[in-house]
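To start, the structure under review is shown below, and the notes come after it.
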Amino acid sequence: QVQLVESGGGLVQPGGSLRLSCAASGIIFSTFVMGWYRQAPGKQRELVAIISRGGSTNYADSVKGRFTISRDNAKNTVYLQMNSLKAEDTAVYYCNTKYLSVDYWGQGTQVTVSP
């Protein structure tokens with residue numbers, strides 16, 4: 001079955017950096033579009049970044065220029081490099097892919113940006 005496992009979250013000061021990782025199994029990773037979403041308390045889950053099979057990327061306006069999504073098909077892993085973090089980036093971050101029209105999510109990893 002499809003499994004997505006995120007790691008790399010934590011507490012960081014404003015202006016700091018974190019790198020999230022998402023290890024995928026149960027799919028031919030290189031053929032799948034992968035995405036990162038986040039959900040802050042009391043808010044809806046929102047798309048942060050997405051990367052195509054060929055490596056094309058798209059970002060939410062709020063993270064453009066600060067976050068970078070990448071993938072390593074040899075390791076079945078997608079990354080989210082987050083720089084210049086702000087308090088408003090605080091959220092649970094989820095890895096996502098879609099298989100046979102079904103969305104699959106990881107368990108999420110907490111990112112907290114606070115002095």
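In the structure tokens, each chain is lettered A, B, ... as it comes, each chain's residues begin at 1, and ligands are numbered from 1 in order of appearance.
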| request: Show which residues sit within 12 Å of A:Ala49, as a PyMOL selection string. Count only C-alpha atoms, and ignore same-chain residues fewer than 3 positions away. | output: chain A and resi 33-38+46+52+55-71+78-82+93-97
Restricted to N, CA, C and O atoms, what would the selected residues look like written as a tab-separated table (two decimals), in the first residue's frame?
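Output below, filename out.tsv:
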chain	number	residue	atom	x	y	z
A	33	VAL	N	3.42	12.77	-9.13
A	33	VAL	CA	3.50	14.14	-8.65
A	33	VAL	C	3.46	14.11	-7.12
A	33	VAL	O	2.67	13.37	-6.53
A	34	MET	N	4.32	14.89	-6.50
A	34	MET	CA	4.38	14.94	-5.04
A	34	MET	C	4.15	16.37	-4.57
A	34	MET	O	4.55	17.33	-5.23
A	35	GLY	N	3.51	16.48	-3.42
A	35	GLY	CA	3.23	17.81	-2.90
A	35	GLY	C	3.43	17.91	-1.40
A	35	GLY	O	3.43	16.90	-0.70
A	36	TRP	N	3.62	19.13	-0.95
A	36	TRP	CA	3.63	19.47	0.47
A	36	TRP	C	2.45	20.39	0.75
A	36	TRP	O	2.24	21.37	0.01
A	37	TYR	N	1.72	20.08	1.79
A	37	TYR	CA	0.62	20.90	2.27
A	37	TYR	C	0.89	21.25	3.73
A	37	TYR	O	1.72	20.63	4.38
A	38	ARG	N	0.15	22.21	4.23
A	38	ARG	CA	0.24	22.53	5.65
A	38	ARG	C	-1.12	22.94	6.18
A	38	ARG	O	-1.98	23.41	5.44
A	46	GLU	N	-3.69	23.78	3.25
A	46	GLU	CA	-3.38	24.52	2.04
A	46	GLU	C	-2.15	23.95	1.35
A	46	GLU	O	-1.24	23.42	2.01
A	52	SER	N	6.45	18.05	-10.14
A	52	SER	CA	5.99	17.08	-11.13
A	52	SER	C	6.99	15.94	-11.28
A	52	SER	O	8.08	15.95	-10.69
A	55	GLY	N	10.14	17.26	-12.51
A	55	GLY	CA	10.86	18.21	-11.67
A	55	GLY	C	10.36	19.64	-11.74
A	55	GLY	O	10.92	20.52	-11.08
A	56	SER	N	9.30	19.89	-12.51
A	56	SER	CA	8.72	21.24	-12.52
A	56	SER	C	8.06	21.51	-11.17
A	56	SER	O	7.48	20.61	-10.57
A	57	THR	N	8.15	22.75	-10.74
A	57	THR	CA	7.65	23.10	-9.40
A	57	THR	C	6.66	24.25	-9.44
A	57	THR	O	6.70	25.09	-10.34
A	58	ASN	N	5.80	24.28	-8.43
A	58	ASN	CA	4.90	25.40	-8.22
A	58	ASN	C	4.79	25.64	-6.72
A	58	ASN	O	4.84	24.68	-5.93
A	59	TYR	N	4.62	26.90	-6.36
A	59	TYR	CA	4.60	27.28	-4.95
A	59	TYR	C	3.43	28.20	-4.64
A	59	TYR	O	2.98	28.96	-5.49
A	60	ALA	N	2.97	28.11	-3.40
A	60	ALA	CA	2.04	29.11	-2.92
A	60	ALA	C	2.74	30.45	-2.89
A	60	ALA	O	3.94	30.54	-2.62
A	61	ASP	N	1.98	31.51	-3.15
A	61	ASP	CA	2.59	32.84	-3.17
A	61	ASP	C	3.27	33.17	-1.84
A	61	ASP	O	4.30	33.85	-1.82
A	62	SER	N	2.72	32.67	-0.77
A	62	SER	CA	3.23	33.01	0.56
A	62	SER	C	4.63	32.43	0.84
A	62	SER	O	5.30	32.88	1.77
A	63	VAL	N	5.05	31.45	0.05
A	63	VAL	CA	6.35	30.82	0.31
A	63	VAL	C	7.34	30.99	-0.84
A	63	VAL	O	8.50	30.57	-0.72
A	64	LYS	N	6.91	31.59	-1.93
A	64	LYS	CA	7.80	31.77	-3.08
A	64	LYS	C	9.05	32.55	-2.68
A	64	LYS	O	8.97	33.55	-1.97
A	65	GLY	N	10.19	32.04	-3.14
A	65	GLY	CA	11.46	32.69	-2.81
A	65	GLY	C	12.04	32.27	-1.48
A	65	GLY	O	13.20	32.59	-1.18
A	66	ARG	N	11.26	31.55	-0.67
A	66	ARG	CA	11.75	31.12	0.65
A	66	ARG	C	11.83	29.59	0.74
A	66	ARG	O	12.71	29.05	1.41
A	67	PHE	N	10.90	28.89	0.12
A	67	PHE	CA	10.83	27.44	0.19
A	67	PHE	C	11.24	26.83	-1.15
A	67	PHE	O	10.97	27.41	-2.21
A	68	THR	N	11.84	25.65	-1.09
A	68	THR	CA	12.21	24.93	-2.30
A	68	THR	C	11.82	23.46	-2.16
A	68	THR	O	12.24	22.81	-1.19
A	69	ILE	N	11.04	22.97	-3.10
A	69	ILE	CA	10.69	21.56	-3.12
A	69	ILE	C	11.62	20.85	-4.10
A	69	ILE	O	11.97	21.40	-5.16
A	70	SER	N	12.03	19.65	-3.74
A	70	SER	CA	12.89	18.86	-4.62
A	70	SER	C	12.60	17.38	-4.39
A	70	SER	O	11.92	17.01	-3.42
A	71	ARG	N	13.10	16.56	-5.28
A	71	ARG	CA	12.87	15.13	-5.15
A	71	ARG	C	14.13	14.36	-5.52
A	71	ARG	O	14.91	14.81	-6.37
A	78	VAL	N	10.90	13.07	-1.21
A	78	VAL	CA	10.67	14.45	-1.61
A	78	VAL	C	11.04	15.34	-0.41
A	78	VAL	O	10.81	14.95	0.75
A	79	TYR	N	11.62	16.48	-0.70
A	79	TYR	CA	12.10	17.39	0.34
A	79	TYR	C	11.41	18.74	0.24
A	79	TYR	O	10.93	19.14	-0.82
A	80	LEU	N	11.39	19.45	1.36
A	80	LEU	CA	10.96	20.83	1.38
A	80	LEU	C	11.98	21.61	2.21
A	80	LEU	O	12.02	21.47	3.43
A	81	GLN	N	12.79	22.39	1.52
A	81	GLN	CA	13.75	23.26	2.19
A	81	GLN	C	13.06	24.57	2.49
A	81	GLN	O	12.54	25.24	1.58
A	82	MET	N	13.02	24.93	3.76
A	82	MET	CA	12.31	26.13	4.20
A	82	MET	C	13.31	27.10	4.81
A	82	MET	O	13.94	26.78	5.83
A	93	TYR	N	2.87	20.07	8.67
A	93	TYR	CA	3.17	19.93	7.26
A	93	TYR	C	2.97	18.47	6.84
A	93	TYR	O	3.44	17.54	7.51
A	94	TYR	N	2.26	18.30	5.73
A	94	TYR	CA	1.91	16.97	5.24
A	94	TYR	C	2.45	16.75	3.83
A	94	TYR	O	2.37	17.64	2.97
A	95	CYS	N	2.93	15.56	3.60
A	95	CYS	CA	3.31	15.11	2.27
A	95	CYS	C	2.09	14.48	1.60
A	95	CYS	O	1.24	13.88	2.27
A	96	ASN	N	2.00	14.64	0.29
A	96	ASN	CA	0.81	14.17	-0.43
A	96	ASN	C	1.16	13.61	-1.80
A	96	ASN	O	2.06	14.11	-2.47
A	97	THR	N	0.42	12.58	-2.19
A	97	THR	CA	0.41	12.16	-3.57
A	97	THR	C	-0.97	11.60	-3.89
A	97	THR	O	-1.77	11.35	-2.97
| message | Let's see if you can do this: from backbone DSSP, list all strand (DSSP E or B) residues in stretch 11-96 of chain A, as an NGL selection string. | response | :A and (11-12 or 18-25 or 34-39 or 46-51 or 57-59 or 67-72 or 77-82 or 91-96)
Mind dumping the selected residues with C-alpha atoms as a JSON list (two decimals), in the first residue's frame?
[["chain", "number", "residue", "atom", "x", "y", "z"],
["A", 11, "LEU", "CA", 11.00, 24.40, 16.68],
["A", 12, "VAL", "CA", 12.95, 27.15, 14.94],
["A", 18, "LEU", "CA", 14.38, 23.60, 8.32],
["A", 19, "ARG", "CA", 14.38, 20.79, 5.79],
["A", 20, "LEU", "CA", 11.46, 18.40, 5.71],
["A", 21, "SER", "CA", 11.70, 14.96, 4.16],
["A", 22, "CYS", "CA", 9.01, 12.58, 2.98],
["A", 23, "ALA", "CA", 9.88, 8.97, 2.25],
["A", 24, "ALA", "CA", 7.41, 7.18, -0.02],
["A", 25, "SER", "CA", 6.77, 3.47, -0.49],
["A", 34, "MET", "CA", 4.38, 14.94, -5.04],
["A", 35, "GLY", "CA", 3.23, 17.81, -2.90],
["A", 36, "TRP", "CA", 3.63, 19.47, 0.47],
["A", 37, "TYR", "CA", 0.62, 20.90, 2.27],
["A", 38, "ARG", "CA", 0.24, 22.53, 5.65],
["A", 39, "GLN", "CA", -2.51, 23.12, 8.16],
["A", 46, "GLU", "CA", -3.38, 24.52, 2.04],
["A", 47, "LEU", "CA", -1.00, 23.64, -0.75],
["A", 48, "VAL", "CA", 2.57, 24.79, -0.12],
["A", 49, "ALA", "CA", 4.50, 23.35, -3.05],
["A", 50, "ILE", "CA", 4.22, 20.70, -5.72],
["A", 51, "ILE", "CA", 6.75, 18.95, -7.93],
["A", 57, "THR", "CA", 7.65, 23.10, -9.40],
["A", 58, "ASN", "CA", 4.90, 25.40, -8.22],
["A", 59, "TYR", "CA", 4.60, 27.28, -4.95],
["A", 67, "PHE", "CA", 10.83, 27.44, 0.19],
["A", 68, "THR", "CA", 12.21, 24.93, -2.30],
["A", 69, "ILE", "CA", 10.69, 21.56, -3.12],
["A", 70, "SER", "CA", 12.89, 18.86, -4.62],
["A", 71, "ARG", "CA", 12.87, 15.13, -5.15],
["A", 72, "ASP", "CA", 15.39, 12.30, -5.18],
["A", 77, "THR", "CA", 12.03, 10.96, -1.18],
["A", 78, "VAL", "CA", 10.67, 14.45, -1.61],
["A", 79, "TYR", "CA", 12.10, 17.39, 0.34],
["A", 80, "LEU", "CA", 10.96, 20.83, 1.38],
["A", 81, "GLN", "CA", 13.75, 23.26, 2.19],
["A", 82, "MET", "CA", 12.31, 26.13, 4.20],
["A", 91, "ALA", "CA", 1.67, 24.49, 10.99],
["A", 92, "VAL", "CA", 1.58, 20.76, 10.60],
["A", 93, "TYR", "CA", 3.17, 19.93, 7.26],
["A", 94, "TYR", "CA", 1.91, 16.97, 5.24],
["A", 95, "CYS", "CA", 3.31, 15.11, 2.27],
["A", 96, "ASN", "CA", 0.81, 14.17, -0.43]]
| said: Please extract the residues of chain A with a backbone DSSP assignment of helix (DSSP H, G or I) and present them as a ChimeraX atom specification. | reply: /A:29-31,87-89
Selection from above, C-alpha atoms, as a compact mmCIF listing (two decimals), in the first residue's frame, can you write it?
# COMPACT_ATOMS: atom_id res chain seq x y z
CA PHE A 29 7.90 7.13 -6.98
CA SER A 30 9.43 8.64 -10.09
CA THR A 31 6.09 8.57 -11.90
CA ALA A 87 5.73 32.82 12.59
CA GLU A 88 2.93 32.40 10.06
CA ASP A 89 4.67 29.30 8.68
